[in-house]
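*Asks:* So here's work_21.cif (mmCIF, C-alpha atoms and all ligand atoms).
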```cif
data_data
#
loop_
_atom_site.label_atom_id
_atom_site.label_comp_id
_atom_site.auth_asym_id
_atom_site.auth_seq_id
_atom_site.Cartn_x
_atom_site.Cartn_y
_atom_site.Cartn_z
CA MET A 1 0.00 0.00 0.00
CA THR A 2 1.27 3.50 -0.85
CA VAL A 3 -0.17 6.77 0.45
CA SER A 4 0.69 10.07 -1.28
CA SER A 5 -0.67 13.54 -0.76
CA ALA A 6 -0.54 16.76 -2.77
CA PRO A 7 -1.63 20.32 -1.97
CA GLY A 8 -4.27 22.57 -3.46
CA LYS A 9 -3.44 26.13 -4.51
CA VAL A 10 -4.60 29.72 -4.57
CA TYR A 11 -3.75 32.39 -7.12
CA LEU A 12 -1.85 35.15 -5.34
CA PHE A 13 -2.09 37.02 -8.66
CA GLY A 14 -2.91 36.59 -12.31
CA GLU A 15 -5.81 34.19 -13.03
CA HIS A 16 -7.62 34.84 -16.34
CA ALA A 17 -4.80 37.10 -17.61
CA VAL A 18 -2.58 33.99 -17.69
CA VAL A 19 -4.82 32.62 -20.47
CA TYR A 20 -3.51 35.46 -22.71
CA GLY A 21 0.19 34.90 -22.03
CA GLU A 22 0.55 37.17 -18.99
CA PRO A 23 2.42 35.68 -16.02
CA ALA A 24 0.57 34.41 -12.92
CA VAL A 25 1.65 33.44 -9.42
CA PRO A 26 -0.23 30.50 -7.95
CA CYS A 27 0.84 29.30 -4.48
CA ALA A 28 0.39 25.82 -3.01
CA VAL A 29 -1.57 25.84 0.26
CA GLU A 30 -1.78 23.45 3.19
CA ARG A 31 -5.02 21.77 2.16
CA ARG A 32 -4.24 18.38 0.69
CA ALA A 33 -5.73 15.50 -1.28
CA THR A 34 -4.53 12.12 -0.02
CA VAL A 35 -4.63 9.07 -2.27
CA THR A 36 -4.04 5.54 -1.00
CA VAL A 37 -3.23 2.91 -3.64
CA SER A 38 -2.82 -0.86 -3.32
CA ALA A 39 -1.85 -2.91 -6.36
CA ARG A 40 -4.27 -5.76 -7.19
CA ASP A 41 -3.67 -9.18 -8.69
CA ASP A 42 -6.13 -8.48 -11.53
CA ASP A 43 -6.67 -5.49 -13.85
CA HIS A 44 -9.66 -4.07 -11.95
CA VAL A 45 -9.77 -0.59 -10.47
CA ARG A 46 -11.80 -0.07 -7.31
CA VAL A 47 -12.21 3.51 -6.14
CA ARG A 48 -13.50 4.71 -2.79
CA ALA A 49 -13.79 8.46 -2.36
CA GLU A 50 -14.36 10.36 0.88
CA ASP A 51 -14.94 14.06 1.47
CA LEU A 52 -15.15 14.94 -2.20
CA SER A 53 -18.44 16.77 -1.63
CA LEU A 54 -20.03 13.53 -2.84
CA ASN A 55 -20.98 11.97 0.49
CA GLY A 56 -18.45 9.32 -0.44
CA PHE A 57 -18.85 6.59 -3.03
CA THR A 58 -17.32 3.29 -4.05
CA VAL A 59 -16.94 2.17 -7.66
CA GLU A 60 -15.35 -0.97 -9.08
CA TYR A 61 -14.74 -1.57 -12.77
CA ARG A 62 -12.42 -3.31 -15.18
CA GLY A 63 -9.76 -1.23 -16.88
CA SER A 64 -11.93 1.16 -18.85
CA THR A 65 -14.47 3.83 -17.93
CA GLY A 66 -17.14 2.30 -20.19
CA ASP A 67 -17.35 -0.78 -17.97
CA ARG A 68 -18.13 1.24 -14.86
CA PRO A 69 -21.42 0.31 -13.17
CA ASP A 70 -24.00 2.90 -12.03
CA VAL A 71 -23.50 4.21 -8.52
CA ASP A 72 -25.95 5.80 -6.14
CA VAL A 73 -24.50 9.33 -5.97
CA PRO A 74 -24.98 12.44 -8.16
CA ALA A 75 -23.83 11.13 -11.53
CA PRO A 76 -22.20 14.27 -13.00
CA LEU A 77 -20.01 14.73 -9.92
CA VAL A 78 -19.01 11.08 -9.91
CA GLU A 79 -18.29 11.21 -13.62
CA ALA A 80 -16.14 14.30 -13.08
CA ALA A 81 -14.20 12.81 -10.16
CA MET A 82 -13.82 9.43 -11.86
CA GLY A 83 -12.61 11.05 -15.07
CA TYR A 84 -9.61 12.48 -13.20
CA ILE A 85 -8.91 9.21 -11.40
CA ASP A 86 -9.14 7.22 -14.66
CA ALA A 87 -6.71 9.61 -16.32
CA ALA A 88 -4.29 9.36 -13.36
CA VAL A 89 -4.47 5.53 -13.53
CA ASP A 90 -3.73 5.64 -17.27
CA GLN A 91 -0.69 7.86 -16.68
CA ALA A 92 0.61 5.57 -13.92
CA ARG A 93 0.15 2.46 -16.07
CA ASP A 94 1.99 4.19 -18.91
CA ALA A 95 4.84 5.45 -16.69
CA ALA A 96 5.36 1.98 -15.20
CA ASP A 97 4.87 0.21 -18.55
CA ALA A 98 2.15 -1.87 -16.87
CA PRO A 99 -1.00 -1.48 -19.02
CA ASP A 100 -2.90 -4.20 -17.12
CA ALA A 101 -2.11 -3.03 -13.59
CA GLY A 102 -5.12 -2.99 -11.26
CA PHE A 103 -5.52 -0.89 -8.13
CA ASP A 104 -7.63 -0.36 -5.03
CA ILE A 105 -7.73 3.42 -4.62
CA THR A 106 -9.02 5.56 -1.76
CA VAL A 107 -9.26 9.31 -2.23
CA GLU A 108 -9.62 11.68 0.71
CA SER A 109 -9.50 15.43 0.30
CA ASP A 110 -9.94 18.51 2.42
CA ILE A 111 -9.89 20.78 -0.66
CA PRO A 112 -13.36 22.04 -1.68
CA LEU A 113 -14.25 20.65 -5.12
CA GLY A 114 -14.38 22.93 -8.14
CA ALA A 115 -13.94 26.06 -6.03
CA GLY A 116 -10.72 27.37 -7.57
CA LEU A 117 -8.36 25.61 -5.16
CA GLY A 118 -7.01 23.03 -7.61
CA SER A 119 -8.77 20.02 -6.05
CA SER A 120 -8.72 17.88 -9.19
CA ALA A 121 -5.03 18.61 -9.84
CA ALA A 122 -4.14 17.58 -6.28
CA VAL A 123 -6.03 14.28 -6.67
CA VAL A 124 -4.37 13.56 -10.03
CA VAL A 125 -0.87 14.45 -8.77
CA ALA A 126 -1.17 12.38 -5.58
CA GLY A 127 -2.82 9.52 -7.54
CA ILE A 128 -0.05 9.31 -10.13
CA ASP A 129 2.62 9.40 -7.41
CA ALA A 130 0.99 6.70 -5.27
CA ALA A 131 0.11 4.40 -8.19
CA THR A 132 3.56 4.58 -9.83
CA ARG A 133 5.33 3.99 -6.50
CA GLU A 134 3.04 1.03 -5.90
CA LEU A 135 4.35 -0.37 -9.22
CA GLY A 136 7.95 0.23 -8.11
CA VAL A 137 8.55 3.39 -10.17
CA GLU A 138 9.56 6.67 -8.55
CA LEU A 139 8.89 9.73 -10.72
CA ALA A 140 10.47 13.14 -10.10
CA PRO A 141 7.91 15.83 -9.14
CA ARG A 142 8.47 17.57 -12.50
CA GLU A 143 7.53 14.41 -14.37
CA ILE A 144 4.49 13.95 -12.16
CA ALA A 145 3.54 17.57 -12.95
CA GLU A 146 3.84 16.88 -16.70
CA ARG A 147 1.85 13.63 -16.53
CA ALA A 148 -0.80 15.23 -14.32
CA TYR A 149 -1.10 18.09 -16.82
CA GLN A 150 -1.58 15.54 -19.65
CA ALA A 151 -4.26 13.82 -17.54
CA GLU A 152 -6.13 17.09 -16.85
CA HIS A 153 -5.72 18.15 -20.48
CA GLU A 154 -7.45 14.95 -21.58
CA VAL A 155 -10.31 15.21 -19.06
CA GLN A 156 -10.88 18.93 -19.71
CA ASP A 157 -10.88 18.61 -23.51
CA GLY A 158 -7.63 20.50 -23.97
CA GLN A 159 -8.62 23.43 -21.69
CA ALA A 160 -6.29 22.75 -18.76
CA SER A 161 -3.58 25.19 -17.76
CA ARG A 162 -0.32 23.89 -16.29
CA ALA A 163 -0.63 26.08 -13.20
CA ASP A 164 -2.63 23.78 -10.91
CA THR A 165 -0.77 20.55 -11.60
CA PHE A 166 2.70 22.14 -11.53
CA CYS A 167 1.95 23.99 -8.28
CA SER A 168 0.51 20.87 -6.64
CA ALA A 169 3.45 18.66 -7.66
CA MET A 170 6.22 21.14 -6.80
CA GLY A 171 4.71 23.05 -3.85
CA GLY A 172 5.59 26.61 -2.81
CA ALA A 173 5.07 29.71 -4.93
CA VAL A 174 5.16 29.26 -8.69
CA ARG A 175 5.50 31.51 -11.70
CA VAL A 176 3.56 30.49 -14.79
CA GLU A 177 3.86 32.15 -18.18
CA GLY A 178 2.57 30.17 -21.13
CA ASP A 179 4.11 26.71 -20.92
CA ASP A 180 6.98 27.97 -18.77
CA CYS A 181 6.43 27.04 -15.10
CA ARG A 182 9.02 27.51 -12.38
CA THR A 183 9.10 27.68 -8.60
CA ILE A 184 10.03 31.04 -7.08
CA ASP A 185 11.17 32.01 -3.58
CA ALA A 186 8.52 33.31 -1.21
CA PRO A 187 8.41 33.90 2.54
CA PRO A 188 5.67 32.20 4.61
CA LEU A 189 2.37 33.76 3.55
CA PRO A 190 -0.56 33.77 6.03
CA PHE A 191 -3.43 32.91 3.68
CA VAL A 192 -7.01 32.87 4.94
CA ILE A 193 -9.55 31.40 2.53
CA GLY A 194 -13.30 32.03 2.39
CA PHE A 195 -15.53 29.58 0.52
CA ASP A 196 -19.10 30.39 -0.54
CA GLY A 197 -20.06 26.72 -0.98
CA GLY A 198 -20.40 27.07 -4.74
CA ALA A 199 -18.32 26.90 -7.87
CA GLY A 200 -18.15 29.00 -11.03
CA ASP A 201 -18.34 27.64 -14.56
CA THR A 202 -14.68 28.05 -15.61
CA GLY A 203 -15.35 27.61 -19.35
CA ALA A 204 -18.13 30.22 -19.41
CA LEU A 205 -16.11 32.68 -17.31
CA VAL A 206 -13.02 32.34 -19.52
CA SER A 207 -15.22 32.80 -22.63
CA GLY A 208 -16.80 35.90 -21.07
CA VAL A 209 -13.41 37.53 -20.50
CA ARG A 210 -12.30 36.56 -24.03
CA ALA A 211 -15.39 38.21 -25.54
CA LEU A 212 -14.93 41.42 -23.51
CA ARG A 213 -11.25 41.55 -24.43
CA GLU A 214 -12.05 41.16 -28.14
CA GLU A 215 -14.80 43.81 -28.04
CA TYR A 216 -13.16 46.54 -25.97
CA ASP A 217 -9.59 47.81 -25.95
CA PHE A 218 -10.03 48.88 -22.35
CA ALA A 219 -10.86 45.26 -21.41
CA ALA A 220 -7.68 44.12 -23.22
CA ASP A 221 -5.80 46.85 -21.32
CA THR A 222 -7.34 45.58 -18.06
CA VAL A 223 -5.99 42.10 -18.79
CA SER A 224 -2.49 43.44 -19.47
CA THR A 225 -2.67 45.59 -16.33
CA VAL A 226 -3.25 42.37 -14.36
CA GLY A 227 0.05 41.21 -15.92
CA ASP A 228 1.74 44.41 -14.66
CA ILE A 229 0.46 43.69 -11.13
CA VAL A 230 1.83 40.15 -11.32
CA ARG A 231 5.27 41.42 -12.37
CA ARG A 232 5.31 43.95 -9.50
CA GLY A 233 4.15 41.24 -7.07
CA GLU A 234 6.94 38.94 -8.25
CA GLU A 235 9.51 41.67 -7.59
CA LEU A 236 8.21 42.01 -4.04
CA LEU A 237 8.49 38.27 -3.45
CA ALA A 238 11.98 38.15 -4.95
CA GLU A 239 13.18 40.91 -2.56
CA ALA A 240 11.82 39.09 0.52
CA ASN A 241 13.87 36.67 2.60
CA PRO A 242 12.45 33.18 1.86
CA ASP A 243 14.02 31.79 5.05
CA ALA A 244 12.36 34.29 7.39
CA ASP A 245 9.97 32.81 9.97
CA ASP A 246 7.33 35.41 9.06
CA ALA A 247 6.80 37.76 6.16
CA PRO A 248 7.53 41.36 7.22
CA GLU A 249 4.54 43.65 7.63
CA GLU A 250 5.64 46.03 4.84
CA LEU A 251 5.74 43.12 2.40
CA LEU A 252 2.30 41.82 3.42
CA SER A 253 0.91 45.33 3.21
CA GLU A 254 2.24 45.85 -0.33
CA LEU A 255 1.22 42.37 -1.53
CA GLY A 256 -2.24 42.98 -0.03
CA ARG A 257 -2.57 46.26 -1.89
CA PHE A 258 -1.74 44.49 -5.18
CA MET A 259 -4.24 41.71 -4.35
CA ASN A 260 -6.94 44.36 -3.86
CA PHE A 261 -6.00 45.93 -7.18
CA ASN A 262 -6.08 42.52 -8.87
CA HIS A 263 -9.54 41.78 -7.45
CA GLY A 264 -10.85 45.13 -8.68
CA LEU A 265 -9.68 44.35 -12.21
CA LEU A 266 -11.19 40.85 -12.10
CA GLU A 267 -14.44 42.41 -10.90
CA ALA A 268 -14.29 44.83 -13.84
CA LEU A 269 -13.86 41.85 -16.17
CA GLY A 270 -17.12 40.42 -14.81
CA VAL A 271 -15.83 37.32 -13.03
CA SER A 272 -16.62 38.19 -9.42
CA SER A 273 -19.97 37.59 -7.71
CA ARG A 274 -21.99 39.00 -4.83
CA SER A 275 -20.75 36.36 -2.38
CA LEU A 276 -17.11 36.71 -3.48
CA ASP A 277 -17.30 40.51 -3.17
CA SER A 278 -18.97 40.21 0.27
CA MET A 279 -16.19 37.94 1.49
CA VAL A 280 -13.48 40.20 0.01
CA TRP A 281 -14.95 43.23 1.79
CA ALA A 282 -15.47 41.34 5.06
CA ALA A 283 -11.79 40.30 4.99
CA ARG A 284 -10.60 43.84 4.29
CA GLU A 285 -12.82 45.30 7.03
CA ALA A 286 -11.51 42.69 9.48
CA GLY A 287 -7.99 43.98 8.89
CA ALA A 288 -6.66 41.64 6.21
CA TYR A 289 -3.76 43.17 4.25
CA GLY A 290 -5.63 42.39 1.05
CA ALA A 291 -8.21 40.04 -0.47
CA LYS A 292 -9.19 38.82 -3.91
CA LEU A 293 -11.12 36.04 -5.57
CA THR A 294 -9.01 33.05 -6.55
CA GLY A 295 -9.44 30.91 -9.66
CA ALA A 296 -12.04 31.38 -12.34
CA GLY A 297 -14.47 33.29 -10.07
CA GLY A 298 -18.25 33.37 -10.43
CA GLY A 299 -18.40 31.65 -7.00
CA GLY A 300 -16.06 29.52 -4.96
CA CYS A 301 -13.21 31.01 -2.93
CA ILE A 302 -11.49 34.21 -1.99
CA VAL A 303 -7.97 34.41 -0.59
CA SER A 304 -6.81 37.03 1.90
CA LEU A 305 -3.61 37.74 3.82
CA ASP A 306 -3.94 37.96 7.60
CA PRO A 307 -1.62 36.51 10.25
CA THR A 308 -4.23 37.19 12.99
CA PRO A 309 -7.48 35.21 13.58
CA GLU A 310 -9.63 38.28 12.79
CA THR A 311 -10.35 37.63 9.10
CA GLN A 312 -11.27 34.00 9.61
CA THR A 313 -13.68 34.95 12.42
CA ALA A 314 -15.24 37.76 10.39
CA LEU A 315 -15.69 35.54 7.33
CA ARG A 316 -17.51 32.91 9.40
CA PHE A 317 -20.16 35.56 10.18
CA THR A 318 -20.37 36.89 6.64
CA PRO A 319 -23.58 36.11 4.73
CA GLY A 320 -22.67 34.03 1.70
CA CYS A 321 -19.59 32.49 3.33
CA GLU A 322 -19.99 28.78 4.04
CA ASP A 323 -16.51 28.03 5.37
CA ALA A 324 -13.40 29.99 6.28
CA PHE A 325 -10.04 28.49 7.04
CA ARG A 326 -6.37 29.27 7.35
CA ALA A 327 -4.12 27.64 4.74
CA GLU A 328 -0.44 28.54 4.97
CA LEU A 329 1.83 28.41 1.93
CA ALA A 330 2.64 24.70 1.43
CA THR A 331 6.37 24.47 0.85
CA GLU A 332 6.14 20.75 0.05
CA GLY A 333 4.37 19.57 -3.08
CA VAL A 334 3.58 15.91 -3.66
CA ARG A 335 4.91 13.63 -0.93
CA VAL A 336 4.64 10.12 0.41
CA GLU A 337 2.77 9.99 3.70
C1 LIG B 1 -8.90 28.88 -13.38
O1 LIG B 1 -8.51 28.22 -12.18
C2 LIG B 1 -7.82 29.83 -13.80
C3 LIG B 1 -8.10 30.54 -15.11
O2 LIG B 1 -7.01 31.45 -15.34
C4 LIG B 1 -8.21 29.57 -16.28
C5 LIG B 1 -6.89 28.91 -16.63
O3 LIG B 1 -5.83 29.44 -16.36
O4 LIG B 1 -6.96 27.82 -17.25
C6 LIG B 1 -9.36 31.35 -15.05
#
```
Represent the structure from my file as structure tokens, please.

*Replies:*
Amino acid sequence: MTVSSAPGKVYLFGEHAVVYGEPAVPCAVERRATVTVSARDDDHVRVRAEDLSLNGFTVEYRGSTGDRPDVDVPAPLVEAAMGYIDAAVDQARDAADAPDAGFDITVESDIPLGAGLGSSAAVVVAGIDAATRELGVELAPREIAERAYQAEHEVQDGQASRADTFCSAMGGAVRVEGDDCRTIDAPPLPFVIGFDGGAGDTGALVSGVRALREEYDFAADTVSTVGDIVRRGEELLAEANPDADDAPEELLSELGRFMNFNHGLLEALGVSSRSLDSMVWAAREAGAYGAKLTGAGGGGCIVSLDPTPETQTALRFTPGCEDAFRAELATEGVRVE
């Protein structure tokens, strides 16, 4: 039996603009998906999932998705979750040159599904790591990132960005620009996340921004201004001491200001929502250095910077906020538990 885990992520800066070649800075956070894999003697795959907002389910099937029996849980969610697990199994079989390998798989996750925190990427990354190790193959995190990206690319019909899978596999703060992904130094960042219980439709939100950008020069300028914010934010991170126990107040204050700016531009591009804006304002009023939506928007999560408990407490009393939690920068990416 092999147990691997991988973190989710938030965007410190740059979602949506990254689609048009601007840089973005996603950061891995200490909310993890844990995948337990045991090799089987046959070619069956049996999956048990807990805490995936599905009330848990168990599915057993022979090697291919088409043979999967019906299960008594909301079908679209199961299909979505199983698509990622299937793709991770295919990648592991390919990496280990073991096309008929069978597995018992248990997935546990404390990352809200589809809420902009990279839940599917974390499951795919941890799944590929655990399944390949179970077959006696140890992949470097960069190769896991590449295989996890291929898996997401397949499930999402070619729409996946490399940000989530790279960040989950490598951990820490990451810089993404086109296909170029690299880790960057960052001090500990005191993230507090608010979750509205929902999820936006990433495809529709990305299409909405594309249409605005094509119609109006000022929307195109807004997208490139997000890129300017990302570049300034990167400079701030590069100047900070990555080995410090805490990020200095001046740094948090400046990063927070850029996060607020970034949220305002995302709002202008039409990807925020009433609940996301309420949580952003509640965080700011509680004393957070800054707050913005994270991910595609439309619903899901905001991320704020606050080393004190104030923002988390305020968010818990904010209408529209279903959950609020602290999630420090995760310096470790995928790991064996
Ligand atoms: C979604 O998590 C992030 C977006 O920038 C889309 C993408 O990069 O693929 C909105």

*Asks:* Set out as CSV a contact list for chain A and ligand LIG 1 (chain B) with a cut-off of 6 Å, giving each residue of chain A that qualifies its closest atom pair and distance in Å to one decimal, counting all atoms listed in the file, ordered by chain and rising residue number.

*Replies:*
```
residue,atom,partner,partner_atom,distance
A:Glu15,CA,B:LIG1,O2,3.8
A:His16,CA,B:LIG1,O2,3.6
A:Val18,CA,B:LIG1,O2,5.6
A:Val19,CA,B:LIG1,O3,5.3
A:Gly116,CA,B:LIG1,O1,5.2
A:Ala160,CA,B:LIG1,O4,5.3
A:Ser161,CA,B:LIG1,O4,4.3
A:Val206,CA,B:LIG1,C6,5.9
A:Gly295,CA,B:LIG1,O1,3.8
A:Ala296,CA,B:LIG1,C6,3.8
```

*Asks:* Between A:Ala163, A:Ser119, A:Val37, A:Ile302, single out the one closest to Ala92 of chain A, counting only C-alpha atoms.

*Replies:* A:Val37

*Asks:* Can you tell me which residues surround segment 310-321 of chain A at a distance of at most 6 Å, considering all atoms listed in the file, apart from same-chain residues fewer than 2 positions away, and format the answer as a PyMOL selection string?

*Replies:* chain A and resi 195-196+275+283+286+308+323-324

*Asks:* Using all atoms listed in the file, which of the listed residues (A:Val230, A:Ala211, A:Ala17, A:Met82) sits closest to Leu266 of chain A?

*Replies:*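 The answer is A:Ala17, which sits nearest to Leu266 of chain A.
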
*Asks:* Provide the atom CA of Ala122 of chain A to atom CA of Asp306 of chain A distance in Å, to one decimal place.

*Replies:* 24.7 Å

*Asks:* Can you work out which one of A:Leu265, A:Ile184, A:Ala88, A:Ala145 has the shortest atom-to-atom distance to Pro242 of chain A, counting only C-alpha atoms?

*Replies:*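 So, comparing all the options, the nearest one is A:Ile184.
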
*Asks:* May I ask for the distance between atom CA of Ala121 of chain A and atom CA of Val35 of chain A, given in Å to one decimal place?

*Replies:*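 Between these atoms lies a distance of 12.2 Å.
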
*Asks:* Up to 9 Å from (-2.4, 26.0, 5.9) in the file's coordinates: name the residues, counting only C-alpha atoms, as a ChimeraX atom specification.

*Replies:* /A:29-31,190-192,325-330

*Asks:* So what do you get for atom CA of Ala244 of chain A versus atom CA of Pro26 of chain A, distance-wise?

*Replies:* 20.2 Å

*Asks:* Determine, counting only C-alpha atoms, every residue of protein, DNA or RNA that lies within 12 Å of (-5.2, 4.9, 0.9) in the file coordinates, then give the result as a ChimeraX atom specification.

*Replies:* /A:1-5,33-39,46-50,103-109,126-127,130-131,134,336-337

*Asks:* Could you pull the residues within 10 Å of Tyr289 of chain A, counting all atoms listed in the file, minus those fewer than 6 positions along the same chain, as a PyMOL selection string?

*Replies:* chain A and resi 249-260+283+304-307+311

*Asks:* Using only C-alpha atoms, can you tell me which of A:Gly8, A:Pro141, A:Gly102, A:Gly203 comes closest to Thr183 of chain A?

*Replies:* A:Pro141

*Asks:* In terms of the shortest atom-to-atom distance over only C-alpha atoms, which of A:Ala173, A:Tyr11, A:Cys27, A:Gly198 is closest to Gly114 of chain A?

*Replies:*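 Of the candidates, the smallest distance to Gly114 of chain A is held by A:Gly198.
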
*Asks:* Could you check which of A:Asp221, A:His44, A:Ala186, A:Leu205 is closest to Ala240 of chain A, using only C-alpha atoms?

*Replies:*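 Nearest to Ala240 of chain A: A:Ala186.
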
*Asks:* Save segment 210-230 of chain A from what I just supplied, as a PDB file, in the first residue's frame, atoms limited to N, CA and C atoms.

*Replies:*
```
ATOM      1  N   ARG A 210     -12.819  36.526 -22.639  1.00  0.00           N
ATOM      2  CA  ARG A 210     -12.303  36.564 -24.028  1.00  0.00           C
ATOM      3  C   ARG A 210     -13.167  37.506 -24.882  1.00  0.00           C
ATOM      4  N   ALA A 211     -14.492  37.376 -24.735  1.00  0.00           N
ATOM      5  CA  ALA A 211     -15.395  38.209 -25.543  1.00  0.00           C
ATOM      6  C   ALA A 211     -15.207  39.689 -25.206  1.00  0.00           C
ATOM      7  N   LEU A 212     -15.118  40.010 -23.913  1.00  0.00           N
ATOM      8  CA  LEU A 212     -14.925  41.416 -23.513  1.00  0.00           C
ATOM      9  C   LEU A 212     -13.625  41.966 -24.086  1.00  0.00           C
ATOM     10  N   ARG A 213     -12.574  41.131 -23.999  1.00  0.00           N
ATOM     11  CA  ARG A 213     -11.247  41.546 -24.427  1.00  0.00           C
ATOM     12  C   ARG A 213     -11.229  41.807 -25.945  1.00  0.00           C
ATOM     13  N   GLU A 214     -12.008  40.982 -26.685  1.00  0.00           N
ATOM     14  CA  GLU A 214     -12.046  41.164 -28.137  1.00  0.00           C
ATOM     15  C   GLU A 214     -12.863  42.402 -28.510  1.00  0.00           C
ATOM     16  N   GLU A 215     -13.902  42.703 -27.682  1.00  0.00           N
ATOM     17  CA  GLU A 215     -14.796  43.808 -28.036  1.00  0.00           C
ATOM     18  C   GLU A 215     -14.227  45.171 -27.645  1.00  0.00           C
ATOM     19  N   TYR A 216     -13.573  45.233 -26.496  1.00  0.00           N
ATOM     20  CA  TYR A 216     -13.160  46.543 -25.973  1.00  0.00           C
ATOM     21  C   TYR A 216     -11.656  46.594 -25.717  1.00  0.00           C
ATOM     22  N   ASP A 217     -11.019  47.635 -26.240  1.00  0.00           N
ATOM     23  CA  ASP A 217      -9.592  47.807 -25.955  1.00  0.00           C
ATOM     24  C   ASP A 217      -9.354  47.967 -24.462  1.00  0.00           C
ATOM     25  N   PHE A 218     -10.279  48.665 -23.781  1.00  0.00           N
ATOM     26  CA  PHE A 218     -10.026  48.877 -22.350  1.00  0.00           C
ATOM     27  C   PHE A 218     -10.118  47.571 -21.572  1.00  0.00           C
ATOM     28  N   ALA A 219     -10.855  46.573 -22.082  1.00  0.00           N
ATOM     29  CA  ALA A 219     -10.855  45.262 -21.407  1.00  0.00           C
ATOM     30  C   ALA A 219      -9.516  44.558 -21.671  1.00  0.00           C
ATOM     31  N   ALA A 220      -9.003  44.697 -22.913  1.00  0.00           N
ATOM     32  CA  ALA A 220      -7.676  44.116 -23.222  1.00  0.00           C
ATOM     33  C   ALA A 220      -6.615  44.785 -22.354  1.00  0.00           C
ATOM     34  N   ASP A 221      -6.757  46.140 -22.182  1.00  0.00           N
ATOM     35  CA  ASP A 221      -5.797  46.853 -21.319  1.00  0.00           C
ATOM     36  C   ASP A 221      -5.909  46.362 -19.872  1.00  0.00           C
ATOM     37  N   THR A 222      -7.132  46.064 -19.439  1.00  0.00           N
ATOM     38  CA  THR A 222      -7.342  45.580 -18.064  1.00  0.00           C
ATOM     39  C   THR A 222      -6.592  44.264 -17.865  1.00  0.00           C
ATOM     40  N   VAL A 223      -6.687  43.395 -18.875  1.00  0.00           N
ATOM     41  CA  VAL A 223      -5.987  42.102 -18.790  1.00  0.00           C
ATOM     42  C   VAL A 223      -4.473  42.334 -18.713  1.00  0.00           C
ATOM     43  N   SER A 224      -3.954  43.258 -19.550  1.00  0.00           N
ATOM     44  CA  SER A 224      -2.493  43.441 -19.467  1.00  0.00           C
ATOM     45  C   SER A 224      -2.087  44.166 -18.192  1.00  0.00           C
ATOM     46  N   THR A 225      -2.990  44.963 -17.620  1.00  0.00           N
ATOM     47  CA  THR A 225      -2.675  45.593 -16.325  1.00  0.00           C
ATOM     48  C   THR A 225      -2.568  44.531 -15.228  1.00  0.00           C
ATOM     49  N   VAL A 226      -3.402  43.485 -15.316  1.00  0.00           N
ATOM     50  CA  VAL A 226      -3.248  42.374 -14.356  1.00  0.00           C
ATOM     51  C   VAL A 226      -1.823  41.820 -14.476  1.00  0.00           C
ATOM     52  N   GLY A 227      -1.329  41.685 -15.716  1.00  0.00           N
ATOM     53  CA  GLY A 227       0.046  41.207 -15.918  1.00  0.00           C
ATOM     54  C   GLY A 227       1.060  42.130 -15.243  1.00  0.00           C
ATOM     55  N   ASP A 228       0.821  43.459 -15.322  1.00  0.00           N
ATOM     56  CA  ASP A 228       1.742  44.411 -14.659  1.00  0.00           C
ATOM     57  C   ASP A 228       1.743  44.178 -13.144  1.00  0.00           C
ATOM     58  N   ILE A 229       0.553  43.941 -12.591  1.00  0.00           N
ATOM     59  CA  ILE A 229       0.461  43.695 -11.133  1.00  0.00           C
ATOM     60  C   ILE A 229       1.251  42.436 -10.769  1.00  0.00           C
ATOM     61  N   VAL A 230       1.114  41.411 -11.597  1.00  0.00           N
ATOM     62  CA  VAL A 230       1.828  40.154 -11.322  1.00  0.00           C
ATOM     63  C   VAL A 230       3.342  40.417 -11.308  1.00  0.00           C
TER      64      VAL A 230
END
```
